[in-house]
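Reproduced below: input_1.cif, with mmCIF, C-alpha atoms and all ligand atoms.
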```
data_run
loop_
_atom_site.label_atom_id
_atom_site.label_comp_id
_atom_site.auth_asym_id
_atom_site.auth_seq_id
_atom_site.Cartn_x
_atom_site.Cartn_y
_atom_site.Cartn_z
CA MET I 1 0.00 0.00 0.00
CA MET I 2 1.30 3.50 -0.81
CA ARG I 3 1.98 5.89 2.04
CA VAL I 4 1.46 9.65 2.02
CA TRP I 5 3.09 11.65 4.78
CA GLY I 6 1.57 15.02 5.57
CA ARG I 7 -1.14 16.95 7.38
CA THR I 8 -4.34 17.63 5.42
CA SER I 9 -4.16 21.39 6.06
CA SER I 10 -1.04 21.68 3.87
CA ILE I 11 -1.67 23.06 0.38
CA ASN I 12 1.00 20.73 -0.99
CA VAL I 13 -0.47 17.65 0.69
CA GLN I 14 -3.90 18.65 -0.65
CA LYS I 15 -2.56 18.52 -4.23
CA VAL I 16 -1.48 14.91 -3.70
CA LEU I 17 -4.71 13.88 -1.96
CA TRP I 18 -6.86 15.51 -4.63
CA CYS I 19 -4.83 13.78 -7.35
CA LEU I 20 -5.20 10.40 -5.62
CA ALA I 21 -8.95 10.93 -5.32
CA GLU I 22 -9.22 11.84 -9.02
CA LEU I 23 -7.41 8.60 -9.77
CA GLY I 24 -9.89 6.58 -7.72
CA GLN I 25 -7.24 5.72 -5.12
CA LEU I 26 -8.91 5.26 -1.76
CA GLU I 27 -7.41 6.03 1.62
CA GLY I 28 -7.33 2.82 3.66
CA ARG I 29 -7.53 0.61 0.56
CA ASP I 30 -4.88 1.95 -1.82
CA PHE I 31 -2.87 4.26 0.41
CA GLU I 32 -2.49 5.28 4.00
CA ARG I 33 -1.94 8.86 5.10
CA LEU I 34 0.16 9.73 8.12
CA ASP I 35 -0.01 13.11 9.83
CA ALA I 36 3.25 15.08 9.79
CA GLY I 37 4.13 18.76 9.88
CA LEU I 38 3.23 21.72 12.13
CA GLN I 39 1.42 20.55 15.30
CA PHE I 40 2.05 16.89 14.43
CA GLY I 41 5.83 17.22 14.27
CA VAL I 42 7.44 14.08 12.79
CA ASN I 43 8.89 15.95 9.79
CA ASN I 44 12.02 16.96 11.69
CA THR I 45 12.84 13.51 13.05
CA PRO I 46 15.94 11.79 11.66
CA GLU I 47 13.71 8.92 10.43
CA TYR I 48 11.51 11.28 8.41
CA ARG I 49 14.52 13.17 7.08
CA THR I 50 15.91 9.97 5.62
CA LEU I 51 12.74 9.94 3.48
CA ASN I 52 12.63 13.66 2.83
CA PRO I 53 15.85 15.55 3.64
CA ASN I 54 13.98 18.87 3.38
CA GLY I 55 11.92 17.99 6.44
CA LEU I 56 8.78 19.10 4.60
CA VAL I 57 5.48 17.48 3.61
CA PRO I 58 4.26 15.75 1.50
CA THR I 59 6.35 12.63 0.94
CA LEU I 60 5.10 9.63 -1.02
CA VAL I 61 6.37 6.12 -0.34
CA ASP I 62 5.38 3.59 -2.99
CA GLY I 63 7.10 0.30 -2.16
CA ASP I 64 10.83 1.02 -2.25
CA PHE I 65 10.26 4.23 -4.15
CA VAL I 66 10.32 7.48 -2.15
CA LEU I 67 9.36 10.81 -3.69
CA TRP I 68 9.08 14.35 -2.36
CA GLU I 69 8.02 17.63 -4.06
CA SER I 70 4.25 17.74 -4.41
CA HIS I 71 4.22 18.49 -8.15
CA SER I 72 6.58 15.61 -8.89
CA ILE I 73 4.34 13.35 -6.82
CA VAL I 74 1.25 14.51 -8.73
CA ARG I 75 3.04 13.93 -12.06
CA TYR I 76 4.19 10.47 -10.98
CA LEU I 77 0.78 9.37 -9.74
CA ALA I 78 -1.07 10.69 -12.79
CA ALA I 79 1.39 9.07 -15.22
CA ARG I 80 1.34 5.82 -13.33
CA HIS I 81 -2.42 5.49 -12.93
CA ASP I 82 -3.96 7.52 -15.74
CA LEU I 83 -1.58 8.07 -18.65
CA GLY I 84 -3.68 9.43 -21.47
CA GLY I 85 -6.24 10.80 -19.02
CA LEU I 86 -5.26 13.01 -16.12
CA MET I 87 -1.71 12.95 -17.54
CA PRO I 88 -2.00 13.63 -21.28
CA GLN I 89 -0.06 11.21 -23.46
CA ASP I 90 0.39 13.66 -26.28
CA LEU I 91 3.68 15.42 -25.50
CA GLN I 92 2.56 18.88 -26.49
CA GLN I 93 -0.69 18.65 -24.56
CA ARG I 94 1.25 17.33 -21.61
CA ALA I 95 3.70 20.21 -21.78
CA HIS I 96 0.79 22.67 -21.87
CA SER I 97 -0.67 21.14 -18.75
CA GLU I 98 2.61 20.80 -16.84
CA ARG I 99 3.58 24.36 -17.70
CA TRP I 100 0.80 25.54 -15.39
CA MET I 101 2.22 23.45 -12.56
CA ASP I 102 5.55 25.22 -12.96
CA TRP I 103 3.85 28.58 -13.30
CA THR I 104 1.86 27.98 -10.12
CA GLN I 105 5.03 27.15 -8.19
CA THR I 106 7.36 29.79 -9.63
CA VAL I 107 5.02 32.73 -10.26
CA LEU I 108 1.63 32.67 -8.55
CA TRP I 109 2.60 30.94 -5.30
CA VAL I 110 5.77 33.01 -4.87
CA SER I 111 3.74 36.14 -4.13
CA LEU I 112 0.65 34.47 -2.68
CA ARG I 113 2.76 32.49 -0.22
CA LEU I 114 4.09 35.78 1.20
CA VAL I 115 0.49 36.86 1.82
CA PHE I 116 -0.45 33.49 3.31
CA THR I 117 2.50 33.16 5.69
CA GLY I 118 2.50 36.89 6.41
CA LEU I 119 -1.10 36.75 7.66
CA THR I 120 -1.59 33.26 9.03
CA ARG I 121 1.84 32.37 10.41
CA THR I 122 2.77 35.80 11.76
CA PRO I 123 1.39 37.45 14.92
CA GLN I 124 -0.91 40.33 13.99
CA GLU I 125 1.29 42.95 15.67
CA LYS I 126 4.07 41.97 13.26
CA TRP I 127 2.04 42.15 10.05
CA ASP I 128 3.92 44.16 7.42
CA ILE I 129 0.87 45.67 5.73
CA PRO I 130 2.66 47.44 2.80
CA ALA I 131 4.60 44.25 1.97
CA LEU I 132 1.44 42.16 2.22
CA ARG I 133 -0.42 44.51 -0.13
CA ARG I 134 2.44 44.50 -2.62
CA ALA I 135 2.48 40.70 -2.67
CA TRP I 136 -1.32 40.64 -2.97
CA ASP I 137 -1.16 42.99 -5.99
CA GLU I 138 1.48 40.79 -7.61
CA SER I 139 -0.71 37.72 -7.12
CA ASN I 140 -3.61 39.55 -8.73
CA VAL I 141 -1.51 40.55 -11.74
CA ALA I 142 -0.67 36.87 -12.26
CA LEU I 143 -4.30 35.84 -11.82
CA ARG I 144 -5.50 38.40 -14.37
CA MET I 145 -3.26 36.70 -16.91
CA LEU I 146 -4.72 33.32 -15.92
CA ASP I 147 -8.20 34.80 -16.33
CA GLN I 148 -7.44 35.76 -19.93
CA GLN I 149 -6.24 32.24 -20.67
CA LEU I 150 -9.23 30.59 -19.05
CA GLY I 151 -11.48 32.94 -21.02
CA GLN I 152 -10.38 31.05 -24.13
CA GLN I 153 -10.58 27.45 -22.92
CA ALA I 154 -12.38 25.39 -20.29
CA TYR I 155 -9.31 24.16 -18.37
CA CYS I 156 -5.69 25.21 -18.13
CA ALA I 157 -4.53 22.94 -20.96
CA GLY I 158 -7.62 22.89 -23.16
CA ASP I 159 -11.05 21.38 -23.09
CA ARG I 160 -10.56 18.79 -20.36
CA PHE I 161 -9.33 18.54 -16.78
CA THR I 162 -5.63 17.49 -16.52
CA VAL I 163 -2.81 17.47 -13.96
CA GLY I 164 -2.06 21.16 -14.37
CA ASP I 165 -5.46 22.10 -12.98
CA ILE I 166 -4.68 20.51 -9.60
CA PRO I 167 -1.93 22.78 -8.18
CA LEU I 168 -3.57 25.78 -9.83
CA GLY I 169 -6.96 24.87 -8.34
CA VAL I 170 -5.77 24.57 -4.73
CA THR I 171 -3.77 27.79 -5.08
CA VAL I 172 -6.81 29.73 -6.32
CA HIS I 173 -8.76 28.15 -3.45
CA ARG I 174 -6.20 29.63 -1.06
CA TRP I 175 -6.37 33.02 -2.78
CA LEU I 176 -10.13 33.08 -2.21
CA PHE I 177 -9.67 32.03 1.41
CA LEU I 178 -7.26 34.95 1.98
CA ALA I 179 -9.56 37.45 0.25
CA ASN I 180 -12.53 36.31 2.34
CA GLN I 181 -10.64 35.98 5.62
CA PHE I 182 -8.66 39.23 5.62
CA PRO I 183 -10.76 41.90 3.84
CA GLU I 184 -9.52 44.56 6.27
CA VAL I 185 -5.91 44.08 5.10
CA LEU I 186 -6.19 43.04 1.46
CA GLU I 187 -7.85 45.10 -1.22
CA ALA I 188 -11.02 43.53 -2.62
CA ARG I 189 -10.09 40.76 -5.01
CA PRO I 190 -10.43 41.64 -8.69
CA GLU I 191 -13.33 40.31 -10.74
CA LEU I 192 -11.97 37.29 -12.57
CA PRO I 193 -14.98 35.78 -14.33
CA ALA I 194 -13.15 33.03 -16.20
CA VAL I 195 -11.12 31.99 -13.14
CA MET I 196 -14.31 31.88 -11.05
CA ARG I 197 -16.17 29.84 -13.68
CA TRP I 198 -13.27 27.35 -13.83
CA TYR I 199 -12.86 27.27 -10.03
CA GLY I 200 -16.60 26.66 -9.65
CA GLU I 201 -16.29 23.56 -11.84
CA LEU I 202 -13.19 22.32 -10.05
CA SER I 203 -14.56 22.82 -6.57
CA ALA I 204 -17.72 20.89 -7.49
CA ARG I 205 -15.70 17.79 -8.35
CA PRO I 206 -16.23 15.04 -5.75
CA ALA I 207 -12.45 14.45 -5.57
CA PHE I 208 -11.82 18.13 -4.75
CA ARG I 209 -14.56 18.17 -2.12
CA ALA I 210 -13.12 15.08 -0.47
CA SER I 211 -9.56 16.39 -0.35
CA VAL I 212 -9.48 20.18 -0.03
CA PRO I 213 -11.00 21.43 3.26
N1 LIG E 1 8.11 22.48 -2.78
C1 LIG E 1 7.61 21.62 -1.74
C2 LIG E 1 7.16 22.49 -0.57
C3 LIG E 1 6.73 21.67 0.63
C4 LIG E 1 6.32 22.56 1.77
O1 LIG E 1 6.70 23.76 1.86
N2 LIG E 1 5.55 21.99 2.68
C5 LIG E 1 5.12 22.72 3.85
C6 LIG E 1 3.60 22.55 4.04
S1 LIG E 1 2.68 23.25 2.70
C7 LIG E 1 5.77 22.14 5.09
O2 LIG E 1 6.16 20.99 5.11
N3 LIG E 1 5.89 22.95 6.13
C8 LIG E 1 6.42 22.51 7.39
C9 LIG E 1 5.37 21.91 8.28
O3 LIG E 1 4.21 21.69 7.87
O4 LIG E 1 5.72 21.67 9.46
C10 LIG E 1 6.44 20.79 -2.28
O5 LIG E 1 5.76 21.28 -3.20
O6 LIG E 1 6.24 19.65 -1.84
#
```

Could you render the structure as structure tokens?
Amino acid sequence: MMRVWGRTSSINVQKVLWCLAELGQLEGRDFERLDAGLQFGVNNTPEYRTLNPNGLVPTLVDGDFVLWESHSIVRYLAARHDLGGLMPQDLQQRAHSERWMDWTQTVLWVSLRLVFTGLTRTPQEKWDIPALRRAWDESNVALRMLDQQLGQQAYCAGDRFTVGDIPLGVTVHRWLFLANQFPEVLEARPELPAVMRWYGELSARPAFRASVP
């Protein structure tokens, strides 16, 4: 049975759990999940660090095979269990989809993470409001570009749901959480009709609902 290490509140663990659910992999039958990170600890023990030397979650253990980095795990699982479906077999379609995983990690999440950690992992008296607002504006610039793209096609890589939609979907979910939770700090979120149409479809998927609190 596969093992997934990581607490369910982690955005990166959620990507893996959502992917597994899309693939019809059931917790308890096909994989077991073990809490690690934040209040659960574990991730800094020497035993865990032999699996994941970063001391971060998630980590996947599939037999003798150990893998960390959430996007690599999502790619591995999708290719292993649904090549031609969730992971497109056509190389160009696949590249289109995977591009959005890289973009999520290297563009959108870079600024949004500053907002997330700056507000939720920092005591209120230490909030750096100008820096938070700058990072929020940068996130919104990136999301406006995404909105234009999703205005032309149903999903990030075309007319069907693929791997690239997973990291992007949980990241937009977090953006909405921040906008709703901290309206007194962050400017109102911009109208992004195509992003909201796409997010509405994603968040109605049973696999999303089961995996992303
Ligand atoms: N690039 C890594 C980042 C992993 C990461 O930053 N994980 C966070 C949770 S989202 C973590 O382990 N934080 C420490 C903790 O939870 O104690 C990935 O995508 O897997």

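Residues near the point (-4.3, 31.4, -14.4), at a distance of 9 Å or less over all atoms listed in the file, make up Trp100, Trp103, Thr104, Leu108, Ala142, Leu143, Arg144, Met145, Leu146, Asp147, Gln148, Gln149, Leu150, Cys156, Leu168, Val172 and Val195 of chain I.
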
For the residues selected in the previous step, produce a file with C-alpha atoms as a PDB file, in the frame of the given file.
```pdb
ATOM      1  CA  TRP I 100       0.800  25.540 -15.390  1.00  0.00           C
ATOM      2  CA  TRP I 103       3.850  28.580 -13.300  1.00  0.00           C
ATOM      3  CA  THR I 104       1.860  27.980 -10.120  1.00  0.00           C
ATOM      4  CA  LEU I 108       1.630  32.670  -8.550  1.00  0.00           C
ATOM      5  CA  ALA I 142      -0.670  36.870 -12.260  1.00  0.00           C
ATOM      6  CA  LEU I 143      -4.300  35.840 -11.820  1.00  0.00           C
ATOM      7  CA  ARG I 144      -5.500  38.400 -14.370  1.00  0.00           C
ATOM      8  CA  MET I 145      -3.260  36.700 -16.910  1.00  0.00           C
ATOM      9  CA  LEU I 146      -4.720  33.320 -15.920  1.00  0.00           C
ATOM     10  CA  ASP I 147      -8.200  34.800 -16.330  1.00  0.00           C
ATOM     11  CA  GLN I 148      -7.440  35.760 -19.930  1.00  0.00           C
ATOM     12  CA  GLN I 149      -6.240  32.240 -20.670  1.00  0.00           C
ATOM     13  CA  LEU I 150      -9.230  30.590 -19.050  1.00  0.00           C
ATOM     14  CA  CYS I 156      -5.690  25.210 -18.130  1.00  0.00           C
ATOM     15  CA  LEU I 168      -3.570  25.780  -9.830  1.00  0.00           C
ATOM     16  CA  VAL I 172      -6.810  29.730  -6.320  1.00  0.00           C
ATOM     17  CA  VAL I 195     -11.120  31.990 -13.140  1.00  0.00           C
TER      18      VAL I 195
END
```

Nearby residues (only C-alpha atoms) at most 8 Å from I:Ile166, same-chain spacing under 5 positions excluded, as a VMD selection string
chain I and resid 15 18 to 19

Answer as a VMD selection string, residues within 12 Å of (-15.6, 19.9, -1.8) using all atoms listed in the file:
chain I and resid 14 18 21 169 to 170 173 199 to 213

Counting only C-alpha atoms, the residue of I:Leu119, I:Leu26, I:Leu91, I:Val163 that sits nearest I:Pro183:
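That would be I:Leu119, the residue with the smallest distance to I:Pro183.
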
Protein and nucleic acid residues within 7 Å of ligand LIG 1 (chain E) (only C-alpha atoms and all ligand atoms) as a PDB file with C-alpha atoms, in the frame of the given file:
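Listing of result_33.pdb after writing:
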```
ATOM      1  CA  SER I  10      -1.040  21.680   3.870  1.00  0.00           C
ATOM      2  CA  ILE I  11      -1.670  23.060   0.380  1.00  0.00           C
ATOM      3  CA  ASN I  12       1.000  20.730  -0.990  1.00  0.00           C
ATOM      4  CA  VAL I  13      -0.470  17.650   0.690  1.00  0.00           C
ATOM      5  CA  ALA I  36       3.250  15.080   9.790  1.00  0.00           C
ATOM      6  CA  GLY I  37       4.130  18.760   9.880  1.00  0.00           C
ATOM      7  CA  LEU I  38       3.230  21.720  12.130  1.00  0.00           C
ATOM      8  CA  GLY I  41       5.830  17.220  14.270  1.00  0.00           C
ATOM      9  CA  ASN I  43       8.890  15.950   9.790  1.00  0.00           C
ATOM     10  CA  GLY I  55      11.920  17.990   6.440  1.00  0.00           C
ATOM     11  CA  LEU I  56       8.780  19.100   4.600  1.00  0.00           C
ATOM     12  CA  VAL I  57       5.480  17.480   3.610  1.00  0.00           C
ATOM     13  CA  PRO I  58       4.260  15.750   1.500  1.00  0.00           C
ATOM     14  CA  TRP I  68       9.080  14.350  -2.360  1.00  0.00           C
ATOM     15  CA  GLU I  69       8.020  17.630  -4.060  1.00  0.00           C
ATOM     16  CA  SER I  70       4.250  17.740  -4.410  1.00  0.00           C
ATOM     17  CA  HIS I  71       4.220  18.490  -8.150  1.00  0.00           C
TER      18      HIS I  71
END
```

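Note that atom CA of I:Asp82 and atom CA of I:Ala154 are 20.3 Å apart.
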
Counting all atoms listed in the file, figure out which residue out of I:Thr162, I:Thr122, I:Ser111, I:Thr45 gets nearest to I:Trp175.
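Between I:Thr162, I:Thr122, I:Ser111, I:Thr45, the residue approaching I:Trp175 most closely is I:Ser111.
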
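Reported to one decimal place, the separation of atom CA of I:Asp35 from atom CA of I:Arg7 is 4.7 Å.
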
With 6 Å added on each side, what axis-aligned box encloses every listed atom of stretch 193-204 of chain I? Give the centre and edge lengths in Å to one decimal, as lines of an AutoDock Vina configuration file.
```
center_x = -14.4
center_y = 28.3
center_z = -11.4
size_x = 18.6
size_y = 26.9
size_z = 21.6
```

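What separates atom CA of I:Arg3 from atom CA of I:Leu34 is a distance of 7.4 Å.
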
Can you pull out every residue within 9 Å of I:Ser97, counting all atoms listed in the file, but drop anything in the same chain fewer than 5 positions away, and send it as an MDAnalysis selection string?
chainID I and resid 87:88 92 156:158 162:165

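For the set I:Leu51, I:Ser9, I:Arg113, I:Glu22, the residue with the smallest atom-to-atom gap to I:Val74 is I:Glu22, counting all atoms listed in the file.
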
Distance criterion (all atoms listed in the file): nearest to I:Asp64 out of I:Asn44, I:Gly6, I:Leu23, I:Met1:
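Looking only at the distances to I:Asp64, the closest residue turns out to be I:Met1.
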
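The shortest atom-to-atom distance to I:Met2, with all atoms listed in the file taken into account, belongs to I:Phe65 out of I:Tyr48, I:Phe116, I:Tyr76, I:Phe65.
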
Please determine, counting all atoms listed in the file, which residue among I:Pro190, I:Pro130, I:Pro123, I:Pro167 has the shortest atom-to-atom distance to I:Arg75.
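Result for the nearest residue to I:Arg75: I:Pro167.
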
Would you list the contacts of I:Gly85 as a PyMOL selection string, taking every protein, DNA or RNA residue within 9 Å and counting all atoms listed in the file, but skipping same-chain residues closer than 6 positions in sequence?
chain I and resi 78-79+161-162
